[in-house]
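Participant: My questions all concern the structure below.
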Amino acid sequence: MAALFGKRLRRSAMTTAVAAAAVAALSASQAPGLTDTQNGRQSTADATPSPGDSATGNSPYYTDLPPLNSPTAPPSTGPGSPGGTGTGAHEAGIPATVLDAYKKAEAELAATKPGCNLPWQLLAAIGKVESGQARGGNVDANGTTLKRITGPPLDGNGFARITDTDNGAYDGDTVHDRAVGPMQFIPSTWEWAGRDGNGDGKKDPNNVYDAALAAGHYLCRGDRDLSQSGGLHAAILSYNHSQEYLNTVLTWLEYYRKGTHEVPDGTGVQPGGRSDGGTGPSPSSSPSSPGTTSPSPGTSKPPKPSKPGGSPGADPSKPGGGGSTSPTPPTPAETVAHIEDAGTGTLNATAGDAFAEPVAVRTENAAGKGVGTVKVKLTVVGDTDLAFSGGFKSVTVVTDSTGKATAPPLRAGEDTGEFTVRATVVDRKLPGLDYKATVSARQADALTRTGDTELTCEAGGQFADPVQVRATYKGDAADGVATTATLIKSKDDATENDKGPYFKDADGKAIRTLKGLKTDGDGRLQLPRIYADDATGTFLLRIDTTGGATLTIELKVTAAGATATPSASPSAT
């Protein structure tokens with residue numbers, strides 16, 4: 001208890017600037033938020049939206065700041081000493097298994113995504129803020145938490161409203177989703193972001209190796225370079241949409257970069273204060289200190305501000321406070337004179353992919369000054385499967401103190417073309433702001449045949465071997481790419497042939513062009529069976545994809561009864 005009391009005294013001796021930052025972080029955790037609408041449902045989030053989507057659903061996070069003592073363990077090993085088994089050492093250290101998971105994730109990302117430059121200290125900083133390093137390293141030998149770590153239900157009460165997406169499989173909640181595990185992924189994000197970090201064949205958000213590797217890949221999306229401040233900040237904000245969250249993580253990142261040390265699993269110190277004013281899903285792994293009246297920075301909830309026009313002793317239920325007859329001040333929305341773009345980039349995406357740029361708007365008054373706490377509704381106009389993250393066709397975001405608000409990322413469906421996203425100020429009749437979002441068809445820039453057997457048959461027969469091809473784009477498998485197969489007249493004449501090999505339609509009639517074909521998830525496509533009429537010779541099959549990839553394959557038809565001599569490989573151009 002003495003060690004913990006000493007820790008709090010040391011924290012209370014923080015500089016005025018640091019203490020003020022901690023209070024600001026707490027205050028902003030009650031900041032304006034986000035409303036998602038889908039099929040008449042609405043949800044809200046208490047964090048100011050920022051670029052990128054959210055791994056955590058903007059769930060609460062720990063706001064405690066690092067201790068003032070050095071993160072490197074001193075040589076002393078006596079009980080209660082900073083470098084021994086006391087609270088100070090374990091506050092500064094990282095549990096052994098958790099630290100190992102972070103370093104293994106860094107090593108894998110260095111090999112698979114070297115341009116990202118992911119430091120393990122960033123994973124440690126996020127792990128500290130999200131779960132107190134898996135509740136002080138309360139994990140088994142394989143890295144799985146001994147007790148499930150879940151955030152509060154995302155029911156719209158102070159956070160986003162996300163109805164159940166996993167039938168409770170990850171978070172044990174069949175009504176609403178909850179952030180899960182040491183890195184606090186929401187189930188819908190874990191479904192695509194999850195990784196197997198310990199090689200056991202499973203992707204478990206409650207396993208620190210799996211969660212750390214998944215977090216690393218999540219942070220490294222979009223060719224980010226985390227050695228650059230822009231990429232680093234964007235990555236952190238994509239984890240939780242909050243400037244205060246960014247500041248807190250950066251503080252721990254700098255702390256861990258100065259050095260750290262390993263402590264035994266289960267002996268780390270869990271933070272106390274949360275961004276929602278709570279104390280976390282479970283007690284800290286360190287003993288509490290009853291009767292201490294000096295709170296650590298970030299462990300107390302700031303006082304609720306009085307309403308406009310009121311005073312500390314006034315009755316907040318009456319306009320102006322205390323029965324004042326002063327006119328009610330205008331709402332923020334009523335002071336908005338116009339809405340304008342706030343640096344939104346070009347909105348282009350390939351079908352099925354997320355847009356790299358989010359829509360960002362700014363509300364201003366007549367003097368050109370940004371107006372905060374204003375609700376802005378963004379709607380995908382028209383009948384299209386283009387939607388915001390989560391499948392929402394309409395979302396409402398709230399402007400920050402500068403008047404800026406950023407929508408969740410857009411995700412393209414399979415509909416291609418140019419679509420409109422409209423931004424309007426809620427509770428204010430002003431001209432809206434339209435954005436053009438372009439969705440391009442999936443493309444391939446290369447097409448190859450997967451087999452090497454010569455394609456031959458006798459006149460009037462059918463080709464025994466199917467035609468199989470694989471499409472790629474910039475070296476990666478090109479899935480869902482529209483493909484057309486045509487039996488053409490010659491290399492110089494790509495019009496449809498009127499004789500020779502053919503396909504059959506649903507009625508068994510001969511056709512020589514197939515449209516609407518698409519490659520599978522690995523970029524592969526197998527054509528239907530090909531038949532031959534009574535014409536003999538060498539014929540050409542041409543396959544074209546969206547994006548310009550083209551492949552021409554030779555088909556040889558011999559006279560009935562003749563013996564064809566197969567060659568080692570087909571002639572394909």
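By order of appearance in the structure tokens: chains A, B, ..., then residues from 1 within every chain, and ligands from 1 in the order shown.
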At a cut-off of 8 Å, using only C-alpha atoms, what residues contact stretch 523-539 of chain A? Leave out same-chain residues fewer than 2 positions from it and give the result as a ChimeraX atom specification.

Facilitator: /A:457-463,466-472,477-481,487-490,499-504,518-521,541,554-559

Participant: So that I can check the surroundings of stretch 136-145 of chain A, please list as a PyMOL selection string every protein, DNA and RNA residue that reaches within 8 Å of it, counting only C-alpha atoms and ignoring chain neighbours fewer than 3 positions away.

Facilitator: chain A and resi 94-98+101+132-133+148-149+181-182+198+206-209+264-270+285

Participant: Just the selected residues (N, CA, C and O atoms), exported as an mmCIF file, in the first residue's frame, please.

Facilitator:
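Contents of again.cif, freshly written:
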```cif
data_model
loop_
_atom_site.group_PDB
_atom_site.id
_atom_site.type_symbol
_atom_site.label_atom_id
_atom_site.label_comp_id
_atom_site.auth_asym_id
_atom_site.auth_seq_id
_atom_site.Cartn_x
_atom_site.Cartn_y
_atom_site.Cartn_z
ATOM 1 N N ILE A 94 6.636 -4.711 -18.385
ATOM 2 C CA ILE A 94 5.606 -5.357 -19.204
ATOM 3 C C ILE A 94 5.671 -6.853 -18.921
ATOM 4 O O ILE A 94 6.757 -7.448 -18.947
ATOM 5 N N PRO A 95 4.524 -7.496 -18.646
ATOM 6 C CA PRO A 95 4.522 -8.934 -18.363
ATOM 7 C C PRO A 95 5.218 -9.732 -19.464
ATOM 8 O O PRO A 95 5.090 -9.419 -20.658
ATOM 9 N N ALA A 96 5.942 -10.774 -19.082
ATOM 10 C CA ALA A 96 6.849 -11.488 -19.984
ATOM 11 C C ALA A 96 6.163 -11.996 -21.242
ATOM 12 O O ALA A 96 6.646 -11.777 -22.361
ATOM 13 N N THR A 97 5.050 -12.696 -21.101
ATOM 14 C CA THR A 97 4.378 -13.274 -22.273
ATOM 15 C C THR A 97 3.820 -12.189 -23.172
ATOM 16 O O THR A 97 3.880 -12.288 -24.401
ATOM 17 N N VAL A 98 3.297 -11.140 -22.567
ATOM 18 C CA VAL A 98 2.738 -10.036 -23.344
ATOM 19 C C VAL A 98 3.845 -9.336 -24.133
ATOM 20 O O VAL A 98 3.702 -9.044 -25.323
ATOM 21 N N ALA A 101 4.853 -11.383 -27.070
ATOM 22 C CA ALA A 101 3.870 -11.307 -28.160
ATOM 23 C C ALA A 101 4.075 -10.048 -28.995
ATOM 24 O O ALA A 101 4.003 -10.093 -30.231
ATOM 25 N N GLY A 132 -4.551 -2.607 -20.085
ATOM 26 C CA GLY A 132 -3.563 -2.689 -19.015
ATOM 27 C C GLY A 132 -2.642 -3.880 -19.196
ATOM 28 O O GLY A 132 -2.339 -4.591 -18.232
ATOM 29 N N GLN A 133 -2.190 -4.112 -20.450
ATOM 30 C CA GLN A 133 -1.327 -5.245 -20.801
ATOM 31 C C GLN A 133 -1.968 -6.562 -20.380
ATOM 32 O O GLN A 133 -1.407 -7.351 -19.610
ATOM 33 N N ARG A 148 -11.888 -13.750 -19.599
ATOM 34 C CA ARG A 148 -12.200 -12.967 -20.785
ATOM 35 C C ARG A 148 -12.190 -11.475 -20.462
ATOM 36 O O ARG A 148 -12.698 -11.045 -19.438
ATOM 37 N N ILE A 149 -11.587 -10.692 -21.351
ATOM 38 C CA ILE A 149 -11.559 -9.239 -21.207
ATOM 39 C C ILE A 149 -12.552 -8.656 -22.200
ATOM 40 O O ILE A 149 -12.355 -8.766 -23.416
ATOM 41 N N GLY A 181 -10.763 -8.898 -25.676
ATOM 42 C CA GLY A 181 -9.380 -9.323 -25.615
ATOM 43 C C GLY A 181 -8.377 -8.252 -25.244
ATOM 44 O O GLY A 181 -8.715 -7.093 -25.015
ATOM 45 N N PRO A 182 -7.101 -8.621 -25.204
ATOM 46 C CA PRO A 182 -6.048 -7.687 -24.789
ATOM 47 C C PRO A 182 -5.949 -6.445 -25.658
ATOM 48 O O PRO A 182 -5.562 -5.386 -25.186
ATOM 49 N N ASN A 198 0.266 -17.428 -32.668
ATOM 50 C CA ASN A 198 1.043 -18.430 -31.925
ATOM 51 C C ASN A 198 1.078 -19.783 -32.616
ATOM 52 O O ASN A 198 1.552 -20.765 -32.046
ATOM 53 N N ASN A 206 -8.781 -13.372 -27.674
ATOM 54 C CA ASN A 206 -8.391 -13.423 -26.267
ATOM 55 C C ASN A 206 -6.966 -13.930 -26.075
ATOM 56 O O ASN A 206 -6.508 -14.057 -24.941
ATOM 57 N N ASN A 207 -6.282 -14.236 -27.176
ATOM 58 C CA ASN A 207 -4.889 -14.668 -27.105
ATOM 59 C C ASN A 207 -4.000 -13.492 -27.460
ATOM 60 O O ASN A 207 -4.172 -12.865 -28.513
ATOM 61 N N VAL A 208 -3.049 -13.179 -26.619
ATOM 62 C CA VAL A 208 -2.248 -11.966 -26.810
ATOM 63 C C VAL A 208 -1.353 -12.057 -28.043
ATOM 64 O O VAL A 208 -1.056 -11.051 -28.695
ATOM 65 N N TYR A 209 -0.901 -13.274 -28.415
ATOM 66 C CA TYR A 209 -0.102 -13.419 -29.637
ATOM 67 C C TYR A 209 -0.962 -13.146 -30.870
ATOM 68 O O TYR A 209 -0.548 -12.431 -31.789
ATOM 69 N N PRO A 264 7.183 -10.663 -14.253
ATOM 70 C CA PRO A 264 6.478 -11.950 -14.361
ATOM 71 C C PRO A 264 5.019 -11.753 -14.752
ATOM 72 O O PRO A 264 4.395 -10.744 -14.416
ATOM 73 N N ASP A 265 4.478 -12.732 -15.498
ATOM 74 C CA ASP A 265 3.063 -12.686 -15.858
ATOM 75 C C ASP A 265 2.199 -12.587 -14.600
ATOM 76 O O ASP A 265 2.489 -13.203 -13.571
ATOM 77 N N GLY A 266 1.165 -11.781 -14.705
ATOM 78 C CA GLY A 266 0.220 -11.647 -13.601
ATOM 79 C C GLY A 266 0.614 -10.645 -12.554
ATOM 80 O O GLY A 266 -0.132 -10.427 -11.594
ATOM 81 N N THR A 267 1.779 -9.995 -12.696
ATOM 82 C CA THR A 267 2.227 -9.051 -11.667
ATOM 83 C C THR A 267 2.204 -7.607 -12.147
ATOM 84 O O THR A 267 2.591 -6.711 -11.409
ATOM 85 N N GLY A 268 1.780 -7.378 -13.408
ATOM 86 C CA GLY A 268 1.703 -6.011 -13.899
ATOM 87 C C GLY A 268 0.577 -5.240 -13.233
ATOM 88 O O GLY A 268 -0.327 -5.821 -12.624
ATOM 89 N N VAL A 269 0.625 -3.921 -13.369
ATOM 90 C CA VAL A 269 -0.372 -3.058 -12.737
ATOM 91 C C VAL A 269 -1.403 -2.627 -13.776
ATOM 92 O O VAL A 269 -1.054 -2.067 -14.815
ATOM 93 N N GLN A 270 -2.674 -2.899 -13.482
ATOM 94 C CA GLN A 270 -3.737 -2.476 -14.387
ATOM 95 C C GLN A 270 -4.088 -1.016 -14.103
ATOM 96 O O GLN A 270 -4.187 -0.603 -12.952
ATOM 97 N N SER A 285 -5.055 -5.484 -10.966
ATOM 98 C CA SER A 285 -4.353 -6.608 -10.378
ATOM 99 C C SER A 285 -3.475 -6.193 -9.208
ATOM 100 O O SER A 285 -2.922 -7.032 -8.525
#
```

Participant: Let me make sure I understand: among A:Asp452, A:Asp166, A:Asp492, A:Glu414, which one has the smallest atom-to-atom distance to A:Ser440 if we use only C-alpha atoms?

Facilitator: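 Looking only at the distances to A:Ser440, the closest residue turns out to be A:Glu414.
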
Participant: Considering only C-alpha atoms, can you say which of A:Val380, A:Leu237, A:Ala111, A:Leu99 comes closest to A:Ser394?

Facilitator: A:Val380

Participant: Can you work out the spacing between atom CA of A:Met183 and atom CA of A:Ile126 in Å, to one decimal?

Facilitator: 7.2 Å

Participant: Pick out each residue of stretch 88-302 of chain A that DSSP on the backbone tags as alpha helix (DSSP H); I need them as a PyMOL selection string.

Facilitator: chain A and resi 88-92+96-112+120-137+187-193+208-219+229-239+243-257
